[in-house]
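Text of upload-v8.cif, listed as mmCIF, C-alpha atoms:
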```
data_target
#
loop_
_atom_site.group_PDB
_atom_site.id
_atom_site.type_symbol
_atom_site.label_atom_id
_atom_site.label_comp_id
_atom_site.auth_asym_id
_atom_site.auth_seq_id
_atom_site.Cartn_x
_atom_site.Cartn_y
_atom_site.Cartn_z
ATOM 1 C CA MET M 10 15.420 -16.495 -13.120
ATOM 2 C CA THR M 11 11.988 -15.964 -11.622
ATOM 3 C CA GLU M 12 10.265 -12.628 -11.820
ATOM 4 C CA LYS M 13 10.197 -10.530 -8.666
ATOM 5 C CA PRO M 14 6.856 -10.397 -6.842
ATOM 6 C CA SER M 15 4.921 -7.170 -7.386
ATOM 7 C CA VAL M 16 4.184 -4.778 -4.527
ATOM 8 C CA TYR M 17 1.787 -1.835 -4.551
ATOM 9 C CA ILE M 18 3.205 0.799 -2.207
ATOM 10 C CA GLU M 19 0.367 2.606 -0.397
ATOM 11 C CA THR M 20 0.901 6.166 0.870
ATOM 12 C CA THR M 21 1.629 5.275 4.494
ATOM 13 C CA ILE M 22 4.893 3.622 3.413
ATOM 14 C CA PRO M 23 6.641 6.773 2.109
ATOM 15 C CA SER M 24 5.027 8.686 4.981
ATOM 16 C CA PHE M 25 6.566 6.459 7.661
ATOM 17 C CA LEU M 26 9.809 6.226 5.683
ATOM 18 C CA THR M 27 10.436 9.960 5.501
ATOM 19 C CA ALA M 28 8.759 11.363 8.643
ATOM 20 C CA ARG M 29 10.731 12.863 11.501
ATOM 21 C CA PRO M 30 11.369 10.203 14.175
ATOM 22 C CA SER M 31 8.332 9.945 16.411
ATOM 23 C CA VAL M 32 8.411 10.105 20.206
ATOM 24 C CA ASN M 33 5.542 7.578 20.202
ATOM 25 C CA LEU M 34 7.261 4.202 20.581
ATOM 26 C CA ILE M 35 4.779 2.319 18.403
ATOM 27 C CA VAL M 36 5.031 4.842 15.585
ATOM 28 C CA ALA M 37 8.825 4.989 15.956
ATOM 29 C CA GLY M 38 8.942 1.195 15.673
ATOM 30 C CA LYS M 39 6.864 1.280 12.481
ATOM 31 C CA GLN M 40 9.147 3.990 11.096
ATOM 32 C CA GLU M 41 12.218 1.860 11.811
ATOM 33 C CA VAL M 42 10.693 -1.308 10.312
ATOM 34 C CA THR M 43 9.715 0.701 7.224
ATOM 35 C CA ARG M 44 13.231 2.128 6.890
ATOM 36 C CA GLN M 45 14.791 -1.321 7.266
ATOM 37 C CA TRP M 46 12.382 -2.860 4.755
ATOM 38 C CA TRP M 47 13.118 -0.046 2.296
ATOM 39 C CA GLU M 48 16.878 -0.451 2.680
ATOM 40 C CA ARG M 49 17.102 -4.246 2.847
ATOM 41 C CA ARG M 50 14.056 -5.771 1.139
ATOM 42 C CA ARG M 51 12.590 -3.520 -1.535
ATOM 43 C CA GLU M 52 15.087 -4.668 -4.179
ATOM 44 C CA HIS M 53 13.526 -8.140 -3.887
ATOM 45 C CA TYR M 54 10.256 -6.784 -5.308
ATOM 46 C CA HIS M 55 8.942 -4.894 -8.321
ATOM 47 C CA LEU M 56 7.371 -1.773 -6.785
ATOM 48 C CA PHE M 57 4.338 0.092 -8.083
ATOM 49 C CA LEU M 58 2.102 2.948 -6.970
ATOM 50 C CA SER M 59 -0.779 4.981 -8.350
ATOM 51 C CA GLN M 60 -1.781 8.574 -8.858
ATOM 52 C CA TYR M 61 -3.704 8.262 -5.572
ATOM 53 C CA VAL M 62 -0.387 7.741 -3.768
ATOM 54 C CA LEU M 63 1.223 10.686 -5.558
ATOM 55 C CA ASP M 64 -1.728 12.947 -4.703
ATOM 56 C CA GLU M 65 -1.754 11.944 -1.026
ATOM 57 C CA ALA M 66 2.045 12.120 -0.716
ATOM 58 C CA ALA M 67 2.015 15.643 -2.186
ATOM 59 C CA GLY M 68 -0.366 16.903 0.508
ATOM 60 C CA GLY M 69 0.429 18.657 3.769
ATOM 61 C CA ASP M 70 3.690 20.338 4.717
ATOM 62 C CA SER M 71 5.640 21.125 1.535
ATOM 63 C CA GLU M 72 9.013 20.025 2.929
ATOM 64 C CA ALA M 73 7.611 16.703 4.159
ATOM 65 C CA ALA M 74 5.714 16.249 0.875
ATOM 66 C CA GLY M 75 8.932 16.816 -1.046
ATOM 67 C CA LYS M 76 10.673 14.076 0.943
ATOM 68 C CA ARG M 77 7.808 11.632 0.384
ATOM 69 C CA LEU M 78 7.687 12.336 -3.348
ATOM 70 C CA GLU M 79 11.460 12.049 -3.685
ATOM 71 C CA ALA M 80 11.424 8.643 -1.961
ATOM 72 C CA ILE M 81 8.923 7.253 -4.463
ATOM 73 C CA ASP M 82 10.086 9.214 -7.504
ATOM 74 C CA GLU M 83 11.245 6.262 -9.579
ATOM 75 C CA ILE M 84 8.479 3.797 -8.748
ATOM 76 C CA GLU M 85 6.354 2.669 -11.673
ATOM 77 C CA LEU M 86 2.869 4.183 -11.906
ATOM 78 C CA LEU M 87 -0.203 1.961 -12.413
ATOM 79 C CA GLU M 88 -3.096 3.250 -14.485
ATOM 80 C CA VAL M 89 -6.333 4.310 -12.828
ATOM 81 C CA ASP M 90 -8.821 3.110 -15.431
ATOM 82 C CA GLU M 91 -12.558 2.425 -15.587
ATOM 83 C CA GLU M 92 -12.085 -1.021 -14.044
ATOM 84 C CA VAL M 93 -10.254 0.483 -11.063
ATOM 85 C CA LEU M 94 -13.116 2.944 -10.566
ATOM 86 C CA ARG M 95 -15.732 0.171 -10.888
ATOM 87 C CA LEU M 96 -13.883 -2.053 -8.436
ATOM 88 C CA ALA M 97 -13.444 0.794 -5.939
ATOM 89 C CA GLY M 98 -17.197 1.369 -6.199
ATOM 90 C CA GLU M 99 -17.899 -2.303 -5.478
ATOM 91 C CA ILE M 100 -15.640 -2.131 -2.423
ATOM 92 C CA MET M 101 -17.389 1.022 -1.212
ATOM 93 C CA LYS M 102 -20.800 -0.646 -1.643
ATOM 94 C CA THR M 103 -19.841 -3.084 1.134
ATOM 95 C CA GLY M 104 -20.106 -0.225 3.638
ATOM 96 C CA LEU M 105 -16.884 -1.410 5.278
ATOM 97 C CA ILE M 106 -14.930 1.697 4.309
ATOM 98 C CA PRO M 107 -16.464 5.088 5.149
ATOM 99 C CA GLU M 108 -17.007 7.659 2.411
ATOM 100 C CA LYS M 109 -14.306 9.925 3.876
ATOM 101 C CA ALA M 110 -11.774 7.098 3.337
ATOM 102 C CA GLN M 111 -12.782 6.183 -0.228
ATOM 103 C CA THR M 112 -9.172 6.605 -1.374
ATOM 104 C CA ASP M 113 -8.390 3.542 0.767
ATOM 105 C CA ALA M 114 -10.847 1.559 -1.361
ATOM 106 C CA ALA M 115 -9.159 3.023 -4.444
ATOM 107 C CA HIS M 116 -5.739 1.767 -3.273
ATOM 108 C CA ILE M 117 -7.168 -1.731 -2.859
ATOM 109 C CA ALA M 118 -8.853 -1.456 -6.269
ATOM 110 C CA VAL M 119 -5.678 -0.380 -8.086
ATOM 111 C CA ALA M 120 -3.593 -3.146 -6.535
ATOM 112 C CA THR M 121 -6.315 -5.694 -7.253
ATOM 113 C CA ARG M 122 -7.042 -4.544 -10.821
ATOM 114 C CA HIS M 123 -3.365 -4.738 -11.746
ATOM 115 C CA SER M 124 -2.928 -8.179 -10.121
ATOM 116 C CA MET M 125 -0.314 -7.123 -7.588
ATOM 117 C CA ASP M 126 1.076 -9.886 -5.412
ATOM 118 C CA PHE M 127 1.124 -7.600 -2.355
ATOM 119 C CA LEU M 128 -0.348 -4.313 -1.165
ATOM 120 C CA LEU M 129 2.062 -2.842 1.399
ATOM 121 C CA THR M 130 0.564 -0.461 3.959
ATOM 122 C CA TRP M 131 0.515 0.693 7.562
ATOM 123 C CA ASN M 132 -3.168 1.621 7.217
ATOM 124 C CA CYS M 133 -4.658 -0.987 9.541
ATOM 125 C CA THR M 134 -7.967 0.846 9.871
ATOM 126 C CA HIS M 135 -9.398 0.459 6.368
ATOM 127 C CA ILE M 136 -6.848 -1.585 4.405
ATOM 128 C CA ALA M 137 -4.790 -4.113 6.418
ATOM 129 C CA ASN M 138 -7.687 -4.830 8.763
ATOM 130 C CA ALA M 139 -8.368 -8.510 9.427
ATOM 131 C CA GLU M 140 -11.921 -7.754 10.571
ATOM 132 C CA ILE M 141 -12.993 -6.442 7.162
ATOM 133 C CA LEU M 142 -10.636 -8.111 4.673
ATOM 134 C CA SER M 143 -12.634 -11.304 4.231
ATOM 135 C CA ARG M 144 -15.727 -9.295 3.279
ATOM 136 C CA ILE M 145 -13.712 -7.027 0.966
ATOM 137 C CA ASN M 146 -12.222 -10.163 -0.569
ATOM 138 C CA PHE M 147 -15.750 -11.487 -1.187
ATOM 139 C CA ALA M 148 -16.698 -8.256 -3.006
ATOM 140 C CA VAL M 149 -13.498 -8.367 -5.062
ATOM 141 C CA ILE M 150 -14.055 -12.008 -6.064
ATOM 142 C CA ASN M 151 -17.659 -11.221 -7.021
ATOM 143 C CA ALA M 152 -16.285 -8.423 -9.222
ATOM 144 C CA GLY M 153 -14.072 -10.968 -11.012
ATOM 145 C CA HIS M 154 -10.712 -10.286 -9.382
ATOM 146 C CA LEU M 155 -8.342 -11.728 -6.792
ATOM 147 C CA LEU M 156 -7.313 -9.625 -3.811
ATOM 148 C CA PRO M 157 -3.552 -9.228 -3.354
ATOM 149 C CA THR M 158 -2.002 -10.169 -0.044
ATOM 150 C CA ILE M 159 -2.429 -7.047 2.063
ATOM 151 C CA CYS M 160 0.294 -6.660 4.658
ATOM 152 C CA THR M 161 2.587 -4.367 6.628
ATOM 153 C CA PRO M 162 6.357 -4.117 6.079
ATOM 154 C CA ASP M 163 7.127 -6.355 9.048
ATOM 155 C CA GLU M 164 5.045 -9.106 7.407
ATOM 156 C CA LEU M 165 6.955 -8.780 4.116
ATOM 157 C CA PHE M 166 10.434 -9.155 5.515
ATOM 158 C CA GLY M 167 11.094 -12.751 4.497
ATOM 159 C CA GLY M 168 12.561 -15.322 6.878
ATOM 160 C CA GLU M 169 15.003 -14.228 9.580
ATOM 161 C CA ASN M 170 17.838 -16.044 7.819
ATOM 162 C CA ASP M 171 16.704 -15.073 4.340
ATOM 163 C CA GLU M 172 19.843 -14.333 2.337
ATOM 164 C CA THR M 173 18.052 -14.023 -1.019
#
```
Would you mind writing the structure in this file as structure tokens?
Amino acid sequence: MTEKPSVYIETTIPSFLTARPSVNLIVAGKQEVTRQWWERRREHYHLFLSQYVLDEAAGGDSEAAGKRLEAIDEIELLEVDEEVLRLAGEIMKTGLIPEKAQTDAAHIAVATRHSMDFLLTWNCTHIANAEILSRINFAVINAGHLLPTICTPDELFGGENDET
């Protein structure tokens, strides 16, 4: 039996999973795709998160935070070590991620440092952004690591007829 691919779950995933249904059709569609992925696909992967996810998920409205934290309660926690901090710093040095979004660089660094196969996110501004990923990948390679595949839940759904 082959080992399940590893997936780092970034904070937007539990946020979209547990939020009240949106009246915005695009957001509602992302919420539904996230729910379907969570129900039908997550068991095909070994899920991980970091303290950054726990901290972000705990923020805001206490009832909503409770739902987010409950959804991710049993997911394995990856260590934030010196190498994660160094790698996040190298990513920030590219200037591609603004200082106010440095946690986004930290998510990439954790997933990269721990050799995740995938980083799953709906953050298409600073993480799953095709315009910056090649340059972030260059910084990560120069730091001695390989960038995981960064994608959204709809990209990690397997084939339409995937029965595995």
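Compared by their closest atoms to M:Phe166, and using all atoms listed in the file, the residues M:Ile141, M:Leu129, M:Ile150, M:Ala97 rank with M:Leu129 nearest.
Protein and nucleic acid residues near (4.9, 10.7, -2.3) are Thr20, Pro23, Val62, Leu63, Glu65, Ala66, Ala67, Ala74, Arg77, Leu78, Glu79, Ala80 and Ile81 of chain M, the criterion being any atom at most 7 Å away using all atoms listed in the file.
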Could you pull the residues within 10 Å of stretch 115-122 of chain M, counting all atoms listed in the file, minus those fewer than 5 positions along the same chain, as a ChimeraX atom specification? /M:15-20,57-62,87-90,92-101,110,127-130,135-137,145-146,149,153-159
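Taking all atoms listed in the file into account, M:Gln45 lies nearest to M:Phe25 out of the set M:Asp113, M:Ile106, M:Ser31, M:Phe25.
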Residues matched by the PyMOL selection byres ((chain M and resi 162) around 7) as a CSV table (one decimal) with C-alpha atoms, in the frame of the given file:
```csv
chain,number,residue,atom,x,y,z
M,42,VAL,CA,10.7,-1.3,10.3
M,43,THR,CA,9.7,0.7,7.2
M,46,TRP,CA,12.4,-2.9,4.8
M,129,LEU,CA,2.1,-2.8,1.4
M,160,CYS,CA,0.3,-6.7,4.7
M,161,THR,CA,2.6,-4.4,6.6
M,163,ASP,CA,7.1,-6.4,9.0
M,164,GLU,CA,5.0,-9.1,7.4
M,165,LEU,CA,7.0,-8.8,4.1
M,166,PHE,CA,10.4,-9.2,5.5
```
Let me make sure I understand: among M:Lys39, M:Trp47, M:Ala28, M:His53, which one has the smallest atom-to-atom distance to M:Glu72 if we use all atoms listed in the file?
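That would be M:Ala28, the residue with the smallest distance to M:Glu72.
We find atom CA of M:Leu142 and atom CA of M:Lys102 to be spaced 14.1 Å apart.
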* Atomic distance atom CA of M:Leu105 - atom CA of M:Phe147, expressed in Å with one decimal ->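 That distance, rounded to one decimal, is 12.0 Å.
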request  = Report the distance between atom CA of M:Glu83 and atom CA of M:Ile35 in Å, rounded to one decimal place.
outcome  =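 Those two atoms sit 29.0 Å apart.
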>> Using only C-alpha atoms - which residues lie no farther than 7 Å from the point (13.9, 6.5, 5.2) in the file's frame? Write them as a list in words.
In response: Leu26, Thr27 and Arg44 of chain M
Deliver the residues from the most recent selection as a file, using C-alpha atoms, as a compact mmCIF listing (two decimals), in the frame of the given file.
```txt
# COMPACT_ATOMS: atom_id res chain seq x y z
CA LEU M 26 9.81 6.23 5.68
CA THR M 27 10.44 9.96 5.50
CA ARG M 44 13.23 2.13 6.89
```
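Distances here use all atoms listed in the file; by that measure, the residue among M:Asp64, M:Val36, M:Asp70, M:Leu56 closest to M:Ile84 is M:Leu56.
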